[in-house]
Structure formats: structure tokens, C-alpha cells
Amino acid sequence: MSNMKKYLNPRVAAIPPSGIRKFFDLVVQTQGVISLGVGEPDFVTPWHIREACFYSLEKGYTMYTSNLGMPELRQEIAAYMLRTYGLEYDPETEILVTVGVSEAVDLAIRSLVSVGDEVLIPEPSYVSYLPVSDLAYAKSVSLTTTADNEFRLTREELAARVTSQSKLLVLPYPNNPTGGIMRREDLADLVDVIIDNDLIVVSDEIYSELTYAGEHVSIASLPGMRDRTVVLNGFSKAFAMTGWRIGYACGHADIIATMNKIHQYTMLCAPIMGQVAAMEALRHGKPAMRKMVEDYNYRRRVMLQGLADIGLACFEPRGAFYVFPSIQVTGMNSEEFAEKLLQEEKVAVVPGNAFGPSGEGFIRCCYAASLDNIEEALQRMGRFVERHRSQKPSSSTAAACRN
Ligand code: PLP
């Protein structure tokens with residue numbers, strides 16, 4: 001059949017491919033590249049977690065699990081949520097184990113919105129919320145966040161954008177791509193706008209363990225917010241378990257039951273090997289995770305110092321494993337910068353506009369890479385910026401670099 005396109009769902013056809021993936025097709029074609037691109041730990045999953053999976057296979061754990069996930073894993077998740085955030089969830093009805101947080105994002109949005117509802121999404125943000133909302137026939141509305149406010153969502157911005165059609169607010173903190181966090185007081189500032197406008201919050205907290213200035217606060221733990229919030233979290237980032245594909249959602253039983261309805265027909269259950277590994281991670285994984293976070297924190301400092309030396313302004317990100325420097329001094333747009341940096345110096349970063357138009361003028365560098373690679377990449381970037389500098393660093397740029 002020659003015209004296959006006419007058979008394709010136009011709603012899907014209209015969605016652009018992920019700006020991250022598009023760029024990485026270029027990267028794989030280039031030899032000797034140092035990648036600060038993909039948002040993935042460079043650590044292998046800790047040994048004891050892999051070992052738990054081996055033993056479970058030996059014992060014959062190769063079957064489907066309950067749709068909601070293994071009861072023992074849901075109990076471990078409930079215990080983790082209680083000891084870490086003071087949040088109580090019933091493992092029987094209020095926790096769903098998913099195929100990564102990716103699936104949880106899809107299920108939460110599809111379970112909560114219908115045609116014409118508005119989904120409010122801070123920008124720049126992780127790339128999936130917008131297309132998933134689109135596929136759910138909702139209308140996504142971007143909420144602008146800016147570098148001078150460390151990419152926090154403000155009450156003013158939320159209040160200005162919310163309408164009678166608004167149904168969902170996505171809160172993706174600690175943030176990919178900026179590394180920005182929301183402190184308790186920043187979250188508290190949003191609460192009455194959320195409640196007054198009867199919004200439900202989908203809080204993607206996949207980077208919650210990767211914070212470098214105090215503990216992460218979940219908006220679900222603020223007064224009046226528990227039942228209005230679906231907390232999404234998972235194992236990919238904190239435990240270096242991207243390939244195991246395990247995430248989870250915690251929330252009101254009615255929302256979880258609705259998410260599970262889609263999940264049971266589309267996924268059936270998350271893979272049992274990953275669930276066994278996740279259980280081990282929650283039971284005994286804290287020391288290894290702490291060590292990885294310490295390493296990330298050291299690399300974060302090296303990265304920030306290196307960017308300051310190069311003269312690229314960057315606020316100090318306090319979460320996740322990304323820095324999001326401005327490339328304004330080069331006068332290039334972010335795609336041009338990323339493409340030329342790859343061609344001329346073989347360093348891969350992600351153009352900021354892959355995360356929405358307000359990411360223009362920035363690049364995302366992931367520092368979940370070896371120190372040697374970070375240092376070499378910084379040297380190459382330094383040469384590149386020196387060659388292409390169109391503006392002398394202003395005193396405000398220099399000050400921002402020191403923050
Ligand atoms: N949410 C955010 C903010 C992410 O950055 C990512 C992956 O980069 C995901 C969700 C997807 O995670 P998972 O591997 O659990 O599907």
C-alpha cells in the first residue's frame with residue numbers, strides 16, 4: 001500500500017518526535033563523543049539489587065503479578081512514603097506499580113482528563129506531559145518559569161493561567177531539565193490557588209532522592225493536598241535502574257482504581273523481575289543510593305565551577321542531575337549551539353528548546369557522567385565558547401555564575 005499515512009491516527013501523526021531523541025540520532029552517528037545528553041545514571045544498578053533478581057529467577061519468579069503490583073512491593077512503597085514524607089497510603093487500594101514513571105504519567109493524565117480539559121504544565125519541563133495530554137484530547141497550557149527565579153513555579157503564574165477549564169496541574173520537581181526544586185514555602189504558596197480552582201495535581205517526583213540542599217518536600221504532604229495529589233515516583237534515577245522499568249503512583253483509591261483500569265488492559269502488570277529488584281532497593285538500597293547522590297553532588301559542583309570558568313551563566317540547581325546554563329554569550333540559539341558543539345568538539349548536550357519554547361537560549365547538560373568525562377567536556381566547551389563568544393561576560397553573568 002503506497003499511501004500508508006492516510007491510515008495513521010492524525011492526532012498521533014501531528015505530535016513531533018521528542019527533541020531529545022531527534023538530537024541523539026545525530027550523536028550515534030558521530031565517533032568519540034562525550035555525552036552529557038541522556039538523563040540516565042552512569043552507574044550500574046547496585047550489585048545486591050541485581051543479585052536479588054538472579055535469586056528470584058532461580059526460584060522461578062517468572063509470572064504475571066497482580067495488576068496493582070506485588071503486594072509485598074506495595075507494602076514497601078507504603079512504608080517508604082510514610083517514613084520519607086509522612087504520607088500514609090493503603091497498599092491495597094492507594095498504590096499502583098507501573099512500567100516506569102512514564103506509564104504512570106500516561107495513566108494519571110488519561111484517568112483524570114477528558115476532551116477540552118486543560119492541563120497546566122510548568123515550562124521548561126520533561127518532554128512527555130504535553131504529548132500525553134494531547135493524546136488524551138486535553139489542552140495543555142504552559143506555565144512559564146524563569147532562570148532568575150530558579151525555574152520555580154510561582155503562585156502569580158499559576159493564578160494568571162488557570163481558567164474554569166483547568167483540571168490538572170503537573171508539578172515536575174526536582175525538575176528535568178533545569179534542576180530547579182520547589183521548597184516547602186514555594187509549594188505552600190500554590191495551595192490555595194489549587195484548592196480554590198479545584199485542581200488535581202500530578203506530582204512527578206522521580207528525582208525526589210536527588211536533592212542537594214535539604215530534603216525534598218512532596219506537595220501531597222501539605223494540608224488539604226493529599227487527596228488532590230497523585231504522587232508519581234520510581235526507581236530509574238535514584239537507584240540507577242532505568243532498564244528495569246518500575247515506577248509507581250500513590251493517591252486517592254478512586255484515582256488509583258481508574259488508573260489500574262487502563263493499566264490492566266494495556267500493560268497487565270509491571271515485569272516481575274523489576275518488581276523484585278525494586279523491593280530489594282527499598283529494603284536495603286539506601287546506602288548505595290546515598291553514595292551515588294554524594295557522587296552526583298560532587299560532580300554538580302565541578303560542573304558549576306567549570307561553567308563559571310567558561311563564562312556560561314547558570315543558577316545553582318539543587319535537584320536532579322542536570323545543569324541548565326544560558327548560552328546567551330554566544331548569540332546562538334540552543335539547537336545551533338548543540339549541533340555545532342557536537343560537530344566541532346564532539347560534546348553532546350540537549351538544546352533547551354526541546355523542553356518547550358522557554359528553554360530557548362539554554363542547554364541541558366547531564367552530570368550523571370564520569371568525572372573524567374565531565375572535565376574533558378568542560379574543556380572542550382570552554383574552547384568552543386571562546387571561539388564563538390559574541391558578548392563579553394557582563395557583571396551580572398559573572399555574578400550568576402558564582403551563585
Ligand atoms: N519523569 C521525569 C521528570 C523524567 O526525567 C523521566 C526520565 O527521564 C521520567 C519521568 C521517566 O522515567 P521512567 O524511567 O521511570 O519511565
# chains A, B, ... in the order shown; residues from 1 in each chain; ligands from 1
$ select_by_dssp --residues "stretch 287-403 of chain A" --states "strand (DSSP E or B)" --output "JSON, numbers by chain"
{"A": [319, 322, 323, 326, 347, 348, 350, 351, 362, 363, 364, 365, 366]}
$ write_last_selection --atoms "all heavy atoms" --output "CSV table (one decimal), in the first residue's frame"
chain,number,residue,atom,x,y,z
A,319,GLY,N,18.6,20.1,42.5
A,319,GLY,CA,18.0,18.8,42.4
A,319,GLY,C,18.3,18.1,41.1
A,319,GLY,O,18.9,18.7,40.2
A,322,TYR,N,21.0,17.6,36.5
A,322,TYR,CA,21.2,18.5,35.3
A,322,TYR,C,21.6,19.9,35.7
A,322,TYR,O,21.2,20.4,36.8
A,322,TYR,CB,19.8,18.6,34.6
A,322,TYR,CG,19.2,17.3,34.3
A,322,TYR,CD1,18.1,16.8,35.0
A,322,TYR,CD2,19.6,16.5,33.2
A,322,TYR,CE1,17.5,15.6,34.7
A,322,TYR,CE2,19.0,15.2,33.0
A,322,TYR,CZ,18.0,14.8,33.7
A,322,TYR,OH,17.4,13.6,33.4
A,323,VAL,N,22.4,20.5,34.8
A,323,VAL,CA,22.6,21.9,34.9
A,323,VAL,C,22.0,22.5,33.6
A,323,VAL,O,21.9,21.8,32.6
A,323,VAL,CB,24.1,22.4,35.0
A,323,VAL,CG1,24.6,22.1,36.4
A,323,VAL,CG2,24.9,21.7,33.9
A,326,SER,N,22.8,29.2,30.5
A,326,SER,CA,22.4,30.1,29.4
A,326,SER,C,23.6,30.1,28.4
A,326,SER,O,24.7,30.2,28.8
A,326,SER,CB,22.2,31.5,30.0
A,326,SER,OG,22.2,32.4,28.9
A,347,VAL,N,30.9,17.1,21.8
A,347,VAL,CA,30.3,17.0,23.1
A,347,VAL,C,28.8,17.1,22.9
A,347,VAL,O,28.3,18.0,22.1
A,347,VAL,CB,30.7,18.2,24.1
A,347,VAL,CG1,29.9,18.2,25.4
A,347,VAL,CG2,32.2,18.1,24.4
A,348,ALA,N,28.0,16.1,23.4
A,348,ALA,CA,26.6,16.1,23.2
A,348,ALA,C,25.9,16.7,24.4
A,348,ALA,O,26.1,16.3,25.6
A,348,ALA,CB,26.1,14.7,23.0
A,350,VAL,N,21.8,18.7,25.3
A,350,VAL,CA,20.4,18.8,24.7
A,350,VAL,C,20.0,20.2,24.6
A,350,VAL,O,20.1,21.0,25.6
A,350,VAL,CB,19.4,18.0,25.6
A,350,VAL,CG1,18.0,18.1,25.0
A,350,VAL,CG2,19.8,16.6,25.8
A,351,PRO,N,19.6,20.7,23.4
A,351,PRO,CA,19.1,22.0,23.3
A,351,PRO,C,17.9,22.3,24.2
A,351,PRO,O,17.0,21.5,24.3
A,351,PRO,CB,18.7,22.1,21.8
A,351,PRO,CG,18.8,20.8,21.2
A,351,PRO,CD,19.4,19.9,22.2
A,362,PHE,N,19.1,28.2,26.3
A,362,PHE,CA,19.8,27.3,27.3
A,362,PHE,C,20.1,26.0,26.7
A,362,PHE,O,19.6,25.6,25.7
A,362,PHE,CB,18.8,27.1,28.5
A,362,PHE,CG,18.4,28.3,29.2
A,362,PHE,CD1,17.3,29.1,28.8
A,362,PHE,CD2,19.1,28.8,30.4
A,362,PHE,CE1,17.0,30.3,29.5
A,362,PHE,CE2,18.7,29.9,31.0
A,362,PHE,CZ,17.7,30.7,30.6
A,363,ILE,N,21.0,25.3,27.4
A,363,ILE,CA,21.3,23.9,27.1
A,363,ILE,C,21.2,23.0,28.3
A,363,ILE,O,21.4,23.6,29.4
A,363,ILE,CB,22.7,23.7,26.4
A,363,ILE,CG1,23.8,24.3,27.3
A,363,ILE,CG2,22.7,24.2,25.0
A,363,ILE,CD1,25.2,23.9,27.0
A,364,ARG,N,20.8,21.8,28.2
A,364,ARG,CA,20.8,20.9,29.3
A,364,ARG,C,22.0,20.0,29.3
A,364,ARG,O,22.3,19.3,28.3
A,364,ARG,CB,19.5,20.0,29.3
A,364,ARG,CG,19.4,19.2,30.6
A,364,ARG,CD,18.4,18.1,30.5
A,364,ARG,NE,18.8,16.9,29.8
A,364,ARG,CZ,18.1,15.8,29.7
A,364,ARG,NH1,16.9,15.7,30.2
A,364,ARG,NH2,18.6,14.8,29.0
A,365,CYS,N,22.8,20.0,30.4
A,365,CYS,CA,23.9,19.1,30.5
A,365,CYS,C,23.6,18.2,31.7
A,365,CYS,O,23.3,18.6,32.8
A,365,CYS,CB,25.2,19.8,30.8
A,365,CYS,SG,25.6,21.2,29.7
A,366,CYS,N,23.8,16.9,31.4
A,366,CYS,CA,23.5,15.9,32.5
A,366,CYS,C,24.9,15.6,33.1
A,366,CYS,O,25.8,15.2,32.4
A,366,CYS,CB,22.9,14.7,31.9
A,366,CYS,SG,22.7,13.3,33.1
$ residues_around --residues "stretch 301-310 of chain A" --least-positions-apart "6" --cutoff "12 Å" --atoms "only C-alpha atoms" --output "PyMOL selection string"
chain A and resi 36+212+294-295+316-318+321-327+329-330+363-389+392-393+397-403
$ residues_around --residues "stretch 202-206 of chain A" --least-positions-apart "3" --cutoff "9 Å" --atoms "only C-alpha atoms" --output "JSON, numbers by chain"
{"A": [101, 105, 108, 109, 168, 169, 170, 171, 172, 173, 174, 175, 209, 210, 216, 218, 219, 220, 228, 229, 230, 231, 232, 233, 234, 235, 236, 237, 238, 247, 320]}
$ residues_around --residues "A:Leu153" --least-positions-apart "6" --cutoff "9 Å" --atoms "only C-alpha atoms" --output "list of chain:residue names"
A:Pro122, A:Glu123, A:Leu143, A:Thr144, A:Thr145, A:Thr146, A:Leu171, A:Met182, A:Asp186, A:Leu187, A:Leu190
$ closest_residue --among "A:Leu135, A:Ile194, A:Ala249, A:Met1" --to "ligand 1" --atoms "only C-alpha atoms and all ligand atoms"
A:Ala249
$ atom_distance --atom1 "atom CA of A:Pro177" --atom2 "atom CA of A:Tyr129"
13.4 Å
$ closest_residue --among "A:Arg245, A:Arg290, A:His284, A:Arg110" --to "ligand 1" --atoms "only C-alpha atoms and all ligand atoms"
A:Arg245
$ closest_residue --among "A:Tyr137, A:Tyr7, A:Tyr126, A:Tyr248" --to "A:Ala104" --atoms "only C-alpha atoms"
A:Tyr248
$ residues_around --residues "A:Met279" --least-positions-apart "4" --cutoff "7 Å" --atoms "only C-alpha atoms" --output "list in words"
Leu73, Glu76, Gln275 and Arg283 of chain A
$ write_last_selection --atoms "N, CA and C atoms" --output "mmCIF file, in the first residue's frame"
data_model
loop_
_atom_site.group_PDB
_atom_site.id
_atom_site.type_symbol
_atom_site.label_atom_id
_atom_site.label_comp_id
_atom_site.auth_asym_id
_atom_site.auth_seq_id
_atom_site.Cartn_x
_atom_site.Cartn_y
_atom_site.Cartn_z
ATOM 1 N N LEU A 73 5.692 -5.519 47.476
ATOM 2 C CA LEU A 73 6.307 -4.284 46.966
ATOM 3 C C LEU A 73 5.427 -3.085 47.342
ATOM 4 N N GLU A 76 6.119 -2.197 50.809
ATOM 5 C CA GLU A 76 7.411 -1.489 50.938
ATOM 6 C C GLU A 76 7.267 -0.028 50.490
ATOM 7 N N GLN A 275 10.029 -5.774 39.684
ATOM 8 C CA GLN A 275 9.343 -5.569 40.966
ATOM 9 C C GLN A 275 10.150 -6.172 42.119
ATOM 10 N N ARG A 283 14.282 -2.019 50.451
ATOM 11 C CA ARG A 283 14.653 -2.638 51.733
ATOM 12 C C ARG A 283 16.095 -2.341 52.120
#
$ select_by_dssp --residues "stretch 120-288 of chain A" --states "alpha helix (DSSP H)" --output "ChimeraX atom specification"
/A:129-135,155-161,184-196,253-266,272-284,286-288
$ residues_around --residues "A:Gly69" --least-positions-apart "4" --cutoff "7 Å" --atoms "only C-alpha atoms" --output "list in words"
Thr65, Arg74, Leu96, Val97, Cys269 and Ala270 of chain A
$ write_last_selection --atoms "N, CA, C and O atoms" --output "tab-separated table (two decimals), in the first residue's frame"
chain	number	residue	atom	x	y	z
A	65	THR	N	2.15	-10.66	37.84
A	65	THR	CA	1.81	-10.36	39.24
A	65	THR	C	0.39	-9.80	39.24
A	65	THR	O	-0.22	-9.65	38.17
A	74	ARG	N	4.11	-3.25	47.20
A	74	ARG	CA	3.23	-2.12	47.56
A	74	ARG	C	3.37	-1.79	49.05
A	74	ARG	O	3.33	-0.62	49.45
A	96	LEU	N	-0.26	1.92	42.97
A	96	LEU	CA	-0.22	1.13	41.73
A	96	LEU	C	1.22	1.09	41.23
A	96	LEU	O	1.86	2.15	41.08
A	97	VAL	N	1.73	-0.10	40.98
A	97	VAL	CA	3.09	-0.25	40.43
A	97	VAL	C	2.97	-0.22	38.90
A	97	VAL	O	2.12	-0.91	38.32
A	269	CYS	N	0.59	-5.93	33.95
A	269	CYS	CA	1.33	-5.65	35.18
A	269	CYS	C	2.74	-5.24	34.79
A	269	CYS	O	3.16	-5.45	33.66
A	270	ALA	N	3.45	-4.66	35.76
A	270	ALA	CA	4.88	-4.35	35.52
A	270	ALA	C	5.65	-5.67	35.61
A	270	ALA	O	5.21	-6.60	36.29
$ residues_around --residues "stretch 55-61 of chain A" --least-positions-apart "6" --cutoff "12 Å" --atoms "only C-alpha atoms" --output "PyMOL selection string"
chain A and resi 48-49+70+271-277+279-280
$ atom_distance --atom1 "atom CA of A:Trp244" --atom2 "atom CA of A:Tyr207"
16.5 Å
$ closest_residue --among "A:Phe239, A:Tyr89, A:Phe315, A:Tyr64" --to "ligand 1" --atoms "only C-alpha atoms and all ligand atoms"
A:Phe239
$ decode --residues "stretch 159-235 of chain A" --atoms "C-alpha atoms" --output "short mmCIF file (atom, residue, chain, number, x, y, z; two decimals), in the first residue's frame"
data_model
loop_
_atom_site.label_atom_id
_atom_site.label_comp_id
_atom_site.auth_asym_id
_atom_site.auth_seq_id
_atom_site.Cartn_x
_atom_site.Cartn_y
_atom_site.Cartn_z
CA ALA A 159 -3.16 32.21 39.11
CA ALA A 160 -2.73 34.04 35.80
CA ARG A 161 -3.09 30.90 33.67
CA VAL A 162 -5.76 28.90 35.47
CA THR A 163 -9.26 29.00 33.92
CA SER A 164 -12.59 27.32 34.53
CA GLN A 165 -11.46 24.58 32.09
CA SER A 166 -8.31 23.81 34.07
CA LYS A 167 -8.40 20.36 35.61
CA LEU A 168 -4.85 19.21 36.22
CA LEU A 169 -1.61 20.76 37.34
CA VAL A 170 1.57 18.82 36.63
CA LEU A 171 4.30 19.53 39.20
CA PRO A 172 7.60 18.15 37.95
CA TYR A 173 10.07 18.91 40.79
CA PRO A 174 13.00 18.41 41.17
CA ASN A 175 12.89 19.43 37.56
CA ASN A 176 14.20 17.95 34.37
CA PRO A 177 15.81 19.84 32.56
CA THR A 178 16.59 22.74 34.90
CA GLY A 179 17.48 21.00 38.18
CA GLY A 180 15.18 23.51 39.91
CA ILE A 181 13.34 22.48 43.07
CA MET A 182 10.27 23.74 44.91
CA ARG A 183 10.90 24.47 48.58
CA ARG A 184 8.14 23.93 51.16
CA GLU A 185 7.28 27.66 51.09
CA ASP A 186 7.10 27.69 47.26
CA LEU A 187 4.65 24.78 47.33
CA ALA A 188 2.63 26.28 50.20
CA ASP A 189 2.21 29.42 48.12
CA LEU A 190 0.37 27.44 45.42
CA VAL A 191 -2.02 25.53 47.66
CA ASP A 192 -4.96 27.93 47.92
CA VAL A 193 -4.89 28.62 44.15
CA ILE A 194 -5.01 24.85 43.58
CA ILE A 195 -7.86 24.33 46.04
CA ASP A 196 -9.86 27.41 45.02
CA ASN A 197 -9.73 26.25 41.40
CA ASP A 198 -10.47 22.64 42.29
CA LEU A 199 -7.35 21.33 40.53
CA ILE A 200 -5.85 17.87 40.86
CA VAL A 201 -2.05 17.73 40.98
CA VAL A 202 0.04 15.10 39.24
CA SER A 203 3.34 15.42 41.06
CA ASP A 204 6.22 13.73 39.22
CA GLU A 205 8.77 13.22 41.99
CA ILE A 206 11.10 10.82 40.19
CA TYR A 207 14.12 12.92 41.27
CA SER A 208 12.97 13.29 44.90
CA GLU A 209 16.02 11.48 46.31
CA LEU A 210 18.40 13.61 44.25
CA THR A 211 18.38 16.86 46.20
CA TYR A 212 21.43 18.77 47.39
CA ALA A 213 20.02 21.40 49.72
CA GLY A 214 17.72 19.80 52.26
CA GLU A 215 15.09 17.16 51.83
CA HIS A 216 12.53 17.05 49.05
CA VAL A 217 9.01 18.08 50.07
CA SER A 218 6.01 16.43 48.42
CA ILE A 219 3.06 18.74 47.85
CA ALA A 220 0.82 15.84 48.91
CA SER A 221 2.11 16.31 52.47
CA LEU A 222 0.77 19.89 52.72
CA PRO A 223 -2.60 20.42 54.45
CA GLY A 224 -5.56 19.75 52.16
CA MET A 225 -3.43 18.31 49.37
CA ARG A 226 -3.17 14.57 49.97
CA ASP A 227 -6.35 13.54 48.15
CA ARG A 228 -5.86 16.16 45.44
CA THR A 229 -2.45 14.83 44.53
CA VAL A 230 -1.28 11.78 42.65
CA VAL A 231 2.37 11.28 43.57
CA LEU A 232 4.45 9.57 40.89
CA ASN A 233 7.83 8.13 41.73
CA GLY A 234 10.11 5.34 40.61
CA PHE A 235 13.44 3.60 40.68
#
